[in-house]
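Asker: Provided below: target_4.cif, containing mmCIF, C-alpha atoms.
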```cif
data_protein
loop_
_atom_site.label_atom_id
_atom_site.label_comp_id
_atom_site.auth_asym_id
_atom_site.auth_seq_id
_atom_site.Cartn_x
_atom_site.Cartn_y
_atom_site.Cartn_z
CA MET W 296 29.06 -4.77 0.67
CA GLY W 297 25.81 -3.45 1.99
CA HIS W 298 27.23 -0.04 2.80
CA ASP W 299 27.34 1.40 -0.68
CA ILE W 300 24.49 3.72 -1.46
CA LEU W 301 22.36 2.20 -4.16
CA HIS W 302 21.03 4.47 -6.84
CA GLY W 303 17.95 3.28 -8.63
CA ILE W 304 15.78 4.32 -11.51
CA VAL W 305 12.19 5.46 -11.02
CA ILE W 306 10.35 3.19 -13.43
CA GLU W 307 7.26 5.38 -13.73
CA GLU W 308 9.27 8.36 -14.90
CA SER W 309 12.08 7.19 -17.01
CA GLU W 310 11.30 4.09 -18.96
CA ALA W 311 9.22 2.58 -21.68
CA LEU W 312 8.84 -1.10 -20.94
CA SER W 313 8.71 -3.85 -23.53
CA LEU W 314 6.29 -6.74 -23.15
CA SER W 315 8.99 -9.10 -21.92
CA GLU W 316 10.37 -6.56 -19.43
CA LEU W 317 6.90 -5.94 -18.02
CA CYS W 318 6.37 -9.70 -17.66
CA ARG W 319 9.67 -10.14 -15.88
CA ILE W 320 9.14 -7.26 -13.45
CA CYS W 321 5.65 -8.42 -12.51
CA ASN W 322 6.54 -12.11 -12.63
CA VAL W 323 3.66 -12.97 -14.95
CA GLU W 324 3.22 -14.81 -18.23
CA VAL W 325 3.15 -13.00 -21.59
CA GLU W 326 -0.33 -14.39 -22.28
CA TRP W 327 -1.66 -12.74 -19.15
CA ILE W 328 -0.38 -9.29 -20.16
CA ILE W 329 -1.89 -9.81 -23.63
CA ALA W 330 -5.19 -10.61 -21.93
CA LEU W 331 -4.90 -7.32 -19.98
CA VAL W 332 -4.40 -5.46 -23.25
CA ASN W 333 -7.39 -7.25 -24.81
CA GLU W 334 -9.47 -6.31 -21.78
CA GLY W 335 -8.52 -2.66 -22.33
CA ILE W 336 -6.71 -2.44 -18.99
CA LEU W 337 -3.41 -1.60 -20.69
CA GLU W 338 -2.93 0.41 -23.85
CA PRO W 339 0.57 -0.09 -25.20
CA ALA W 340 2.11 1.88 -28.04
CA GLY W 341 2.93 -0.22 -31.12
CA THR W 342 0.82 -2.59 -33.18
CA ARG W 343 2.08 -6.13 -32.59
CA PRO W 344 2.99 -7.59 -29.19
CA GLU W 345 6.67 -7.79 -30.13
CA ASP W 346 6.69 -4.02 -30.80
CA TRP W 347 4.60 -3.06 -27.80
CA PHE W 348 5.85 -0.46 -25.38
CA PHE W 349 4.23 0.30 -22.08
CA SER W 350 4.61 3.49 -20.10
CA GLY W 351 6.13 2.88 -16.67
CA ILE W 352 2.94 4.18 -15.10
CA VAL W 353 1.18 0.90 -15.95
CA LEU W 354 3.30 -1.03 -13.46
CA GLN W 355 1.05 -0.13 -10.56
CA ARG W 356 -2.08 -1.13 -12.49
CA VAL W 357 -0.62 -4.48 -13.48
CA LEU W 358 0.42 -5.26 -9.91
CA VAL W 359 -2.97 -4.26 -8.49
CA VAL W 360 -4.84 -6.41 -11.01
CA ARG W 361 -2.53 -9.33 -10.30
CA ARG W 362 -3.09 -9.03 -6.54
CA LEU W 363 -6.86 -8.66 -6.93
CA GLN W 364 -6.99 -11.75 -9.11
CA ARG W 365 -4.75 -13.81 -6.89
CA ASP W 366 -6.13 -12.75 -3.51
CA LEU W 367 -9.82 -12.38 -4.25
CA ASP W 368 -10.11 -14.89 -7.06
CA ILE W 369 -11.93 -12.52 -9.41
CA ASN W 370 -11.77 -12.75 -13.17
CA LEU W 371 -10.09 -10.22 -15.42
CA ALA W 372 -13.22 -8.26 -16.27
CA GLY W 373 -14.07 -8.01 -12.58
CA ALA W 374 -10.54 -6.95 -11.67
CA ALA W 375 -10.63 -4.32 -14.43
CA LEU W 376 -13.87 -2.95 -13.03
CA VAL W 377 -12.46 -2.81 -9.48
CA LEU W 378 -9.35 -1.07 -10.79
CA GLU W 379 -11.41 1.58 -12.55
CA LEU W 380 -13.59 2.15 -9.50
CA LEU W 381 -10.49 2.48 -7.32
CA GLU W 382 -8.98 5.03 -9.68
CA GLU W 383 -12.26 6.92 -9.76
CA ARG W 384 -12.43 6.88 -5.97
CA ASN W 385 -8.93 8.29 -5.68
CA ALA W 386 -9.60 10.98 -8.29
CA SER W 387 -12.79 12.09 -6.55
CA PHE W 388 -11.03 12.34 -3.21
CA VAL W 389 -10.22 15.98 -3.74
CA LYS W 390 -13.73 16.86 -4.84
CA THR W 391 -15.55 15.09 -2.04
CA ASN W 392 -13.25 16.32 0.66
CA PHE W 393 -12.34 19.77 -0.37
CA TYR W 394 -14.92 21.44 -2.58
CA MET J 27 5.58 -16.70 20.58
CA GLU J 28 1.87 -16.07 20.85
CA TYR J 29 -0.89 -18.54 20.19
CA LYS J 30 -3.17 -17.52 17.35
CA ASP J 31 -6.81 -18.46 17.31
CA TYR J 32 -7.38 -18.95 13.61
CA TYR J 33 -11.09 -19.64 14.08
CA GLN J 34 -11.52 -16.35 15.91
CA ILE J 35 -9.55 -14.48 13.22
CA ILE J 36 -11.82 -15.80 10.47
CA GLY J 37 -14.86 -15.42 12.73
CA VAL J 38 -16.20 -18.97 12.59
CA SER J 39 -16.80 -21.65 15.20
CA ARG J 40 -14.54 -24.65 15.60
CA ASP J 41 -17.08 -26.95 13.99
CA ALA J 42 -17.53 -24.74 10.91
CA THR J 43 -17.70 -26.58 7.60
CA GLN J 44 -15.09 -25.96 4.88
CA ASP J 45 -17.76 -24.00 3.01
CA ASP J 46 -18.44 -21.80 6.04
CA ILE J 47 -14.74 -21.09 6.35
CA LYS J 48 -14.39 -20.24 2.69
CA ARG J 49 -17.38 -17.90 2.76
CA ALA J 50 -16.18 -16.11 5.88
CA TYR J 51 -12.67 -15.81 4.46
CA ARG J 52 -13.88 -14.39 1.14
CA LYS J 53 -15.93 -11.73 2.88
CA LEU J 54 -13.05 -10.65 5.09
CA ALA J 55 -10.56 -10.75 2.20
CA ARG J 56 -12.70 -8.30 0.23
CA LYS J 57 -13.11 -6.08 3.25
CA TYR J 58 -9.43 -5.90 4.14
CA HIS J 59 -7.70 -6.24 0.78
CA PRO J 60 -4.94 -3.60 0.99
CA ASP J 61 -5.55 -2.35 -2.55
CA VAL J 62 -9.23 -1.77 -1.88
CA SER J 63 -9.74 -1.29 1.84
CA LYS J 64 -9.92 1.99 3.68
CA GLU J 65 -9.88 0.24 7.04
CA PRO J 66 -6.99 1.14 9.31
CA GLU J 67 -4.40 -1.66 9.57
CA ALA J 68 -5.94 -3.33 6.51
CA GLU J 69 -2.65 -4.87 5.46
CA THR J 70 -1.97 -6.44 8.87
CA ARG J 71 -5.51 -7.77 9.08
CA PHE J 72 -5.33 -9.12 5.54
CA LYS J 73 -2.14 -11.02 6.33
CA GLU J 74 -3.67 -12.46 9.51
CA ILE J 75 -6.76 -13.58 7.64
CA GLY J 76 -4.61 -15.09 4.89
CA GLU J 77 -2.56 -17.03 7.42
CA ALA J 78 -5.66 -18.31 9.23
CA TYR J 79 -7.21 -19.39 5.94
CA GLU J 80 -4.00 -21.07 4.83
CA VAL J 81 -4.42 -23.41 7.80
CA LEU J 82 -8.18 -23.81 7.99
CA LYS J 83 -8.79 -24.37 4.27
CA ASP J 84 -6.42 -27.33 4.24
CA PRO J 85 -7.98 -30.33 6.04
CA GLU J 86 -4.52 -31.71 6.91
CA LYS J 87 -3.31 -28.49 8.51
CA ARG J 88 -6.67 -27.86 10.13
CA THR J 89 -6.70 -31.29 11.79
CA ALA J 90 -3.17 -30.77 13.04
CA TYR J 91 -4.06 -27.33 14.36
CA ASP J 92 -7.18 -28.70 16.08
CA ARG J 93 -5.00 -31.23 17.89
CA LEU J 94 -3.44 -28.38 19.85
CA GLY J 95 -6.75 -28.37 21.70
CA THR J 96 -9.00 -25.61 22.89
CA ARG J 97 -7.20 -24.64 26.09
CA TRP J 98 -5.15 -21.93 24.34
CA LYS J 99 -6.28 -18.34 24.30
CA SER J 100 -5.45 -15.90 21.53
CA GLY J 101 -2.24 -14.04 22.33
CA GLN J 102 -1.20 -16.52 25.03
CA GLU J 103 2.48 -17.52 25.20
CA PHE J 104 2.79 -20.69 23.17
CA GLN J 105 5.26 -23.53 22.62
CA PRO J 106 4.23 -26.45 20.43
CA PRO J 107 4.07 -29.64 22.50
CA PRO J 108 6.93 -32.03 21.64
CA GLY J 109 6.03 -34.38 18.85
CA TRP J 110 2.72 -32.64 18.34
CA ASP J 111 2.70 -33.20 14.60
CA GLN J 112 3.62 -36.90 14.68
CA GLY J 113 1.43 -38.94 12.48
CA PHE J 114 0.86 -36.08 10.09
CA GLU J 115 2.45 -35.84 6.75
CA PHE J 116 2.08 -32.53 5.08
CA HIS J 117 2.13 -32.51 1.35
CA GLY J 118 5.00 -30.59 -0.14
CA GLY J 119 7.38 -31.57 2.66
CA GLY J 120 5.56 -29.65 5.34
CA PHE J 121 6.22 -26.30 3.77
CA THR J 122 3.48 -24.11 2.59
CA GLU J 123 3.53 -22.86 -0.96
CA ALA J 124 2.48 -19.37 -0.15
CA THR J 125 5.13 -16.74 -0.69
CA SER J 126 3.98 -14.31 1.95
CA GLN J 127 5.53 -14.08 5.38
CA PHE J 128 3.64 -15.88 8.09
CA SER J 129 3.86 -15.46 11.84
CA SER J 130 6.37 -17.39 13.90
CA PHE J 131 3.40 -19.24 15.42
CA PHE J 132 2.52 -20.52 11.95
CA GLU J 133 6.11 -21.38 11.14
CA SER J 134 6.59 -23.31 14.36
CA LEU J 135 3.68 -25.52 13.33
CA PHE J 136 3.92 -25.78 9.59
CA GLY J 137 7.43 -24.71 8.69
CA ARG J 138 8.68 -21.70 6.86
CA SER J 139 7.40 -20.95 3.41
CA GLN J 140 9.91 -21.92 0.82
CA GLN J 141 10.97 -19.22 -1.53
CA SER J 142 10.45 -20.44 -5.03
CA HIS J 143 13.39 -19.98 -7.29
CA ARG J 144 11.98 -20.24 -10.73
CA TYR J 145 13.94 -19.35 -13.77
CA ARG J 146 12.53 -18.37 -17.09
CA GLY J 147 13.68 -19.10 -20.59
CA ARG J 148 16.06 -21.77 -21.84
CA GLU J 149 19.34 -19.92 -21.72
CA PHE J 150 22.34 -21.58 -20.13
CA ASN J 151 23.01 -18.60 -17.94
CA LEU J 152 19.87 -18.21 -15.97
CA ARG J 153 19.00 -14.78 -14.73
CA GLY J 154 17.65 -14.57 -11.20
CA GLU J 155 14.10 -13.50 -10.54
CA ASP J 156 13.11 -9.91 -9.93
CA SER J 157 11.83 -9.26 -6.45
CA HIS J 158 9.58 -6.66 -4.90
CA ALA J 159 9.50 -4.86 -1.57
CA LYS J 160 7.85 -1.81 -0.10
CA ILE J 161 9.68 1.09 1.47
CA SER J 162 7.89 3.70 3.53
CA ILE J 163 9.22 7.22 3.44
CA THR J 164 8.14 10.59 4.75
CA LEU J 165 6.90 13.45 2.63
CA GLU J 166 10.07 15.28 3.61
CA ASP J 167 12.17 12.41 2.16
CA SER J 168 10.51 13.01 -1.18
CA PHE J 169 10.86 16.77 -0.90
CA GLN J 170 14.55 16.81 -0.22
CA GLY J 171 15.66 13.43 -1.47
CA SER J 172 17.26 11.21 1.15
CA ILE J 173 19.21 8.08 1.95
CA ARG J 174 17.22 5.32 3.64
CA ASN J 175 18.29 2.05 5.17
CA LEU J 176 16.16 -0.88 4.20
CA THR J 177 16.23 -4.27 5.88
CA LEU J 178 15.02 -7.15 3.76
CA GLN J 179 14.27 -10.67 4.87
CA HIS J 180 14.59 -13.60 2.56
CA THR J 181 15.16 -17.33 2.79
CA GLU J 182 18.11 -19.23 1.45
CA PRO J 183 18.52 -22.99 1.25
CA GLY J 184 20.76 -24.09 4.15
CA GLN J 185 23.30 -26.92 4.12
CA ASP J 186 20.75 -29.54 5.10
CA GLY J 187 18.34 -28.22 2.50
CA ARG J 188 16.06 -26.55 5.03
CA PRO J 189 15.45 -22.90 4.28
CA LEU J 190 17.23 -20.40 6.51
CA ALA J 191 16.00 -16.93 7.29
CA LYS J 192 18.49 -14.29 6.22
CA GLU J 193 18.52 -10.57 6.60
CA ARG J 194 20.34 -7.92 4.65
CA THR J 195 20.46 -4.17 4.85
CA LEU J 196 20.61 -1.90 1.84
CA LYS J 197 21.30 1.79 1.73
CA VAL J 198 19.07 3.30 -0.89
CA ARG J 199 18.97 6.78 -2.32
CA ILE J 200 15.41 8.11 -2.45
CA PRO J 201 15.27 10.46 -5.42
CA LYS J 202 13.85 13.90 -4.84
CA GLY J 203 10.30 14.23 -6.10
CA ILE J 204 9.34 10.57 -5.89
CA GLN J 205 5.62 9.93 -5.52
CA GLN J 206 3.46 7.47 -3.65
CA GLY J 207 3.11 4.20 -5.59
CA GLN J 208 6.14 4.73 -7.80
CA HIS J 209 8.83 2.05 -8.08
CA ILE J 210 12.58 2.30 -7.80
CA ARG J 211 14.53 -0.32 -9.71
CA LEU J 212 17.76 -1.46 -8.08
CA ALA J 213 19.65 -3.39 -10.70
CA GLY J 214 21.16 -6.70 -9.59
CA GLN J 215 19.59 -6.69 -6.11
CA GLY J 216 16.95 -9.35 -6.82
CA SER J 217 17.36 -13.13 -6.55
CA PRO J 218 20.78 -14.49 -7.49
CA GLY J 219 21.17 -16.05 -10.94
CA ALA J 220 22.04 -19.69 -11.57
CA ARG J 221 25.15 -21.01 -13.31
CA GLY J 222 26.76 -17.64 -13.72
CA GLY J 223 23.58 -15.87 -14.76
CA LYS J 224 22.93 -12.32 -13.71
CA ALA J 225 21.02 -11.54 -10.54
CA GLY J 226 17.48 -10.21 -10.92
CA ASP J 227 16.48 -6.67 -10.02
CA LEU J 228 14.80 -5.42 -6.88
CA TYR J 229 11.77 -3.15 -7.19
CA LEU J 230 10.91 -0.91 -4.28
CA GLU J 231 7.39 0.45 -4.11
CA ILE J 232 7.21 3.84 -2.44
CA VAL J 233 4.68 4.19 0.35
CA PHE J 234 4.25 7.55 2.10
CA LYS J 235 3.86 7.47 5.86
CA PRO J 236 0.76 9.38 6.92
CA HIS J 237 1.66 12.99 7.67
CA PRO J 238 0.09 14.85 10.60
CA LEU J 239 -0.54 17.97 8.51
CA PHE J 240 -0.40 17.21 4.82
CA ARG J 241 -2.33 14.86 2.62
CA VAL J 242 -0.68 13.88 -0.65
CA GLU J 243 -2.45 13.03 -3.89
CA GLY J 244 -0.04 12.31 -6.74
CA LYS J 245 2.16 15.39 -7.00
CA ASP J 246 -0.22 17.69 -5.15
CA ILE J 247 -0.31 18.35 -1.43
CA PHE J 248 -3.30 19.43 0.62
CA LEU J 249 -3.27 21.35 3.87
CA GLU J 250 -6.31 22.18 5.95
CA LEU J 251 -5.74 25.58 7.48
CA PRO J 252 -7.81 26.80 10.42
CA VAL J 253 -8.56 30.54 10.22
CA ALA J 254 -10.39 32.94 12.50
CA PRO J 255 -13.67 34.47 11.23
CA TRP J 256 -12.11 37.93 11.11
CA GLU J 257 -9.14 36.64 9.10
CA ALA J 258 -11.53 35.17 6.53
CA ALA J 259 -13.83 38.19 6.50
CA LEU J 260 -11.26 40.97 6.48
CA GLY J 261 -8.33 39.23 4.86
CA ALA J 262 -5.02 38.52 6.57
CA THR J 263 -1.49 37.35 6.03
CA VAL J 264 -0.73 34.22 8.05
CA ALA J 265 2.31 32.00 8.41
CA ILE J 266 1.62 28.46 7.18
CA PRO J 267 3.70 25.29 7.23
CA THR J 268 4.78 23.73 3.93
CA PRO J 269 7.01 20.68 3.54
CA ALA J 270 9.79 23.05 2.48
CA GLY J 271 9.37 25.37 5.47
CA THR J 272 7.13 28.17 6.67
CA VAL J 273 5.75 30.67 4.16
CA ASP J 274 3.42 33.65 4.44
CA LEU J 275 0.01 33.18 2.86
CA LYS J 276 -2.32 36.03 1.99
CA ILE J 277 -5.93 35.18 2.75
CA PRO J 278 -8.20 37.36 0.62
CA ALA J 279 -10.98 39.34 2.30
CA GLY J 280 -14.35 37.61 2.07
CA SER J 281 -12.96 34.05 2.05
CA ARG J 282 -15.35 31.17 2.68
CA SER J 283 -14.84 28.00 4.67
CA GLY J 284 -13.72 25.17 2.38
CA GLN J 285 -12.25 27.60 -0.12
CA LYS J 286 -9.07 26.38 -1.75
CA LEU J 287 -6.03 28.54 -2.28
CA ARG J 288 -3.45 27.18 -4.69
CA LEU J 289 0.24 27.73 -4.13
CA LYS J 290 1.74 26.93 -7.48
CA GLU J 291 4.66 24.52 -7.65
CA ARG J 292 4.89 24.10 -3.90
CA GLY J 293 3.82 20.46 -4.15
CA ILE J 294 6.16 17.56 -4.78
CA PRO J 295 9.14 18.86 -6.75
CA GLY J 296 9.95 17.60 -10.24
CA ALA J 297 10.23 18.56 -13.90
CA SER J 298 6.65 19.75 -13.50
CA SER J 299 6.21 20.28 -9.78
CA GLY J 300 2.93 19.65 -8.02
CA ASP J 301 0.91 22.34 -6.29
CA LEU J 302 0.10 22.95 -2.65
CA TYR J 303 -3.58 23.49 -1.93
CA VAL J 304 -4.59 25.24 1.25
CA ILE J 305 -8.17 24.58 2.30
CA LEU J 306 -9.56 27.19 4.64
CA GLN J 307 -11.48 26.01 7.67
CA ILE J 308 -13.12 28.84 9.56
CA VAL J 309 -12.97 28.11 13.25
CA LEU J 310 -15.25 29.88 15.69
CA PRO J 311 -13.94 31.19 18.99
CA ALA J 312 -15.78 29.58 21.90
CA ALA J 313 -18.47 31.59 23.67
CA ASP J 314 -17.18 30.55 27.05
CA SER J 315 -17.44 33.69 29.15
CA GLU J 316 -20.06 36.32 29.80
CA GLU J 317 -18.05 38.80 27.79
CA THR J 318 -17.71 36.59 24.71
CA ARG J 319 -21.37 35.55 24.87
CA ALA J 320 -22.29 39.24 24.97
CA PHE J 321 -20.13 39.77 21.92
CA TYR J 322 -21.91 37.01 19.96
CA ARG J 323 -25.28 38.53 20.97
CA GLU J 324 -24.07 41.87 19.73
CA MET J 325 -23.12 40.29 16.41
CA GLU J 326 -26.58 38.79 16.16
CA GLN J 327 -28.09 42.25 16.55
CA LYS J 328 -25.70 44.12 14.29
CA PHE J 329 -25.64 41.69 11.34
CA THR J 330 -28.57 41.11 9.09
CA PHE J 331 -27.43 37.61 8.42
CA ASN J 332 -29.35 34.50 7.44
CA PRO J 333 -26.94 31.62 6.80
CA ARG J 334 -29.87 29.61 5.37
CA ALA J 335 -31.01 32.29 2.92
CA GLY J 336 -30.79 29.92 -0.07
CA MET J 337 -32.86 27.18 1.59
CA SER J 338 -36.40 28.58 1.37
CA THR J 339 -37.31 27.54 4.91
CA ARG J 340 -40.01 29.23 6.91
#
```
Could you express the structure from this file as structure tokens?

Answerer:
Amino acid sequence: MGHDILHGIVIEESEALSLSELCRICNVEVEWIIALVNEGILEPAGTRPEDWFFSGIVLQRVLVVRRLQRDLDINLAGAALVLELLEERNASFVKTNFY
Amino acid sequence: MEYKDYYQIIGVSRDATQDDIKRAYRKLARKYHPDVSKEPEAETRFKEIGEAYEVLKDPEKRTAYDRLGTRWKSGQEFQPPPGWDQGFEFHGGGFTEATSQFSSFFESLFGRSQQSHRYRGREFNLRGEDSHAKISITLEDSFQGSIRNLTLQHTEPGQDGRPLAKERTLKVRIPKGIQQGQHIRLAGQGSPGARGGKAGDLYLEIVFKPHPLFRVEGKDIFLELPVAPWEAALGATVAIPTPAGTVDLKIPAGSRSGQKLRLKERGIPGASSGDLYVILQIVLPAADSEETRAFYREMEQKFTFNPRAGMSTR
């Protein structure tokens, strides 16, 4: 044990996550993910929560929002705003530095 | 083990009120939050601040910490005096509820944080929790794919019920083309299940180590390339480094500083590979001898050149 090479799956590339899978991976309650969807932070495919599918790319967003909420004690709307500003800052990196 | 001055870390005096401490902590937490901060060492600082606040926000822990006295200096070799915590009863059995790792100084005073083993659902076979860790890799690891050893620390309940620190090493294949911030799922490597339930999964978040030459954004890679004025003006073919090895790059005549040249599909490999962007930086030779100064003066005479032509200055 411990010497076998472990092969994993890259979540962001290969999977569509159901609501319950996303909750389990991020260790959060279903209600909290639903709140994220209602806030417009996540946009799952499918109409009802039981049919929802999330692209693996959302994992990072969910984890960042969870950390922001937990560590800085900000509400969901505030965390969503911070998340958007962060994404904007990263996207503008190329422009501000290299144009 | 080193003494930690929690008041100094938070930046308050020893007689600060709980409100002062909270305010100071909040400010620092926003400044150094690893998801937000651009400060160097933000993560280390954030952990330090968190640990200091964990003690100072709790009147019980703060009183106990204050009893160590003021003769200690930050960083000084420290052993807790025998029986120092007698007469104190920490709620929750002396263990903190936080899940993050604290310093050994903290643990010697307040015990090790207990890993919570919570199980979800009402099934008889209870699946273990998923866990998360970060793994830092080099750009080259992503380019070629690689095998990395990863040492993980966790706590397990010991025979007397006190948590024990355990370490395990995993050998993990890093898939070619993985990007910063992506997660690798290792099935069955999370917390063990209960009553025959399956173990949880382990999620590894990929963090790129800073590279001396390349900056990575998603799948694209950026390289700042110094060029001589004559290379930019006349055009040239120069050898440049890429993560996959040296290639020859043709610099077109009349290139400007800051101009970007795109090398298609020489970024992070994948089904749709990223691109490599080379940003030209024109570097001037120093005028550090009579001969070179004369040459610059000659340029001044021979060129009709106003670099501020578009500025309408007088």

Asker: Can you turn the PyMOL selection byres ((chain W) within 10 of (chain J)) into a concrete residue list for this file, as number ranges by chain?

Answerer: W: 296-308, 319-322, 351-352, 354-355, 358-360, 362-363, 366-368, 377-378, 380-381, 385-386, 388-389, 392-394

Asker: Near Leu371 in chain W, counting all atoms listed in the file, which residues have an atom at most 8 Å away, once you skip same-chain residues fewer than 4 positions from it, shown as a JSON list (two decimals) with C-alpha atoms, keeping the file's coordinate frame?

Answerer:
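Dumped everything to out.json:
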```json
[["chain", "number", "residue", "atom", "x", "y", "z"],
["W", 331, "LEU", "CA", -4.90, -7.32, -19.98],
["W", 334, "GLU", "CA", -9.47, -6.31, -21.78],
["W", 360, "VAL", "CA", -4.84, -6.41, -11.01],
["W", 364, "GLN", "CA", -6.99, -11.75, -9.11],
["W", 375, "ALA", "CA", -10.63, -4.32, -14.43]]
```

Asker: To one decimal in Å, tell me the separation between CA of His237 in chain J and CA of Glu166 in chain J.

Answerer: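 Computing it gives 9.6 Å between the two atoms.
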
Asker: Calculate how many Å separate CA of Ala68 in chain J from CA of Arg40 in chain J, rounding to one decimal.

Answerer: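 Pair CA of Ala68 in chain J / CA of Arg40 in chain J returns 24.7 Å.
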
Asker: What does the structure give for the distance between CA of Asn333 in chain W and CA of Arg384 in chain W, in Å to one decimal?

Answerer: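 Rounded to one decimal, the two atoms are 24.1 Å apart.
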
Asker: When you look at Gln206 in chain J with a cut-off of 7 Å (counting only C-alpha atoms), what residues show up, excluding the ones that are within fewer than 5 positions of it in the same chain? I need them as a PDB file with C-alpha atoms, in the coordinates of the input.

Answerer:
```pdb
ATOM      1  CA  ILE J 232       7.210   3.840  -2.440  1.00  0.00           C
ATOM      2  CA  VAL J 233       4.680   4.190   0.350  1.00  0.00           C
ATOM      3  CA  PHE J 234       4.250   7.550   2.100  1.00  0.00           C
ATOM      4  CA  GLY J 244      -0.040  12.310  -6.740  1.00  0.00           C
TER       5      GLY J 244
END
```

Asker: I'd like to see the residues matched by the PyMOL selection byres ((chain J and resi 296) around 12) on this file, and ideally I'd get them as a PDB file with C-alpha atoms, in the frame of the given file.

Answerer:
```
ATOM      1  CA  GLU W 308       9.270   8.360 -14.900  1.00  0.00           C
TER       2      GLU W 308
ATOM      3  CA  SER J 168      10.510  13.010  -1.180  1.00  0.00           C
ATOM      4  CA  PHE J 169      10.860  16.770  -0.900  1.00  0.00           C
ATOM      5  CA  GLN J 170      14.550  16.810  -0.220  1.00  0.00           C
ATOM      6  CA  GLY J 171      15.660  13.430  -1.470  1.00  0.00           C
ATOM      7  CA  PRO J 201      15.270  10.460  -5.420  1.00  0.00           C
ATOM      8  CA  LYS J 202      13.850  13.900  -4.840  1.00  0.00           C
ATOM      9  CA  GLY J 203      10.300  14.230  -6.100  1.00  0.00           C
ATOM     10  CA  ILE J 204       9.340  10.570  -5.890  1.00  0.00           C
ATOM     11  CA  GLN J 205       5.620   9.930  -5.520  1.00  0.00           C
ATOM     12  CA  GLY J 244      -0.040  12.310  -6.740  1.00  0.00           C
ATOM     13  CA  LYS J 245       2.160  15.390  -7.000  1.00  0.00           C
ATOM     14  CA  ASP J 246      -0.220  17.690  -5.150  1.00  0.00           C
ATOM     15  CA  GLU J 291       4.660  24.520  -7.650  1.00  0.00           C
ATOM     16  CA  ARG J 292       4.890  24.100  -3.900  1.00  0.00           C
ATOM     17  CA  GLY J 293       3.820  20.460  -4.150  1.00  0.00           C
ATOM     18  CA  ILE J 294       6.160  17.560  -4.780  1.00  0.00           C
ATOM     19  CA  PRO J 295       9.140  18.860  -6.750  1.00  0.00           C
ATOM     20  CA  ALA J 297      10.230  18.560 -13.900  1.00  0.00           C
ATOM     21  CA  SER J 298       6.650  19.750 -13.500  1.00  0.00           C
ATOM     22  CA  SER J 299       6.210  20.280  -9.780  1.00  0.00           C
ATOM     23  CA  GLY J 300       2.930  19.650  -8.020  1.00  0.00           C
ATOM     24  CA  ASP J 301       0.910  22.340  -6.290  1.00  0.00           C
TER      25      ASP J 301
END
```

Asker: Kindly extract all protein, DNA and RNA residues lying within 9 Å of the coordinates (-0.9, 35.9, 8.3) given in the file, considering all atoms listed in the file, and supply them as a VMD selection string.

Answerer: chain J and resid 257 261 to 266 274 to 277

Asker: On this file, the PyMOL selection byres ((chain J and resi 43) around 12) gives some set of residues; write that set as a VMD selection string.

Answerer: chain J and resid 33 38 to 42 44 to 50 82 to 85 88

Asker: Could you save the residues just selected, with C-alpha atoms, as a PDB file, keeping the file's coordinate frame?

Answerer:
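Okay, part-v7.pdb is ready:
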```
ATOM      1  CA  TYR J  33     -11.090 -19.640  14.080  1.00  0.00           C
ATOM      2  CA  VAL J  38     -16.200 -18.970  12.590  1.00  0.00           C
ATOM      3  CA  SER J  39     -16.800 -21.650  15.200  1.00  0.00           C
ATOM      4  CA  ARG J  40     -14.540 -24.650  15.600  1.00  0.00           C
ATOM      5  CA  ASP J  41     -17.080 -26.950  13.990  1.00  0.00           C
ATOM      6  CA  ALA J  42     -17.530 -24.740  10.910  1.00  0.00           C
ATOM      7  CA  GLN J  44     -15.090 -25.960   4.880  1.00  0.00           C
ATOM      8  CA  ASP J  45     -17.760 -24.000   3.010  1.00  0.00           C
ATOM      9  CA  ASP J  46     -18.440 -21.800   6.040  1.00  0.00           C
ATOM     10  CA  ILE J  47     -14.740 -21.090   6.350  1.00  0.00           C
ATOM     11  CA  LYS J  48     -14.390 -20.240   2.690  1.00  0.00           C
ATOM     12  CA  ARG J  49     -17.380 -17.900   2.760  1.00  0.00           C
ATOM     13  CA  ALA J  50     -16.180 -16.110   5.880  1.00  0.00           C
ATOM     14  CA  LEU J  82      -8.180 -23.810   7.990  1.00  0.00           C
ATOM     15  CA  LYS J  83      -8.790 -24.370   4.270  1.00  0.00           C
ATOM     16  CA  ASP J  84      -6.420 -27.330   4.240  1.00  0.00           C
ATOM     17  CA  PRO J  85      -7.980 -30.330   6.040  1.00  0.00           C
ATOM     18  CA  ARG J  88      -6.670 -27.860  10.130  1.00  0.00           C
TER      19      ARG J  88
END
```

Asker: Nearest to Pro344 in chain W among W:Arg365, W:Ala311, W:Ile329, W:Val323, with distances taken over all atoms listed in the file: which residue is it?

Answerer: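 Nearest to Pro344 in chain W: W:Ile329.
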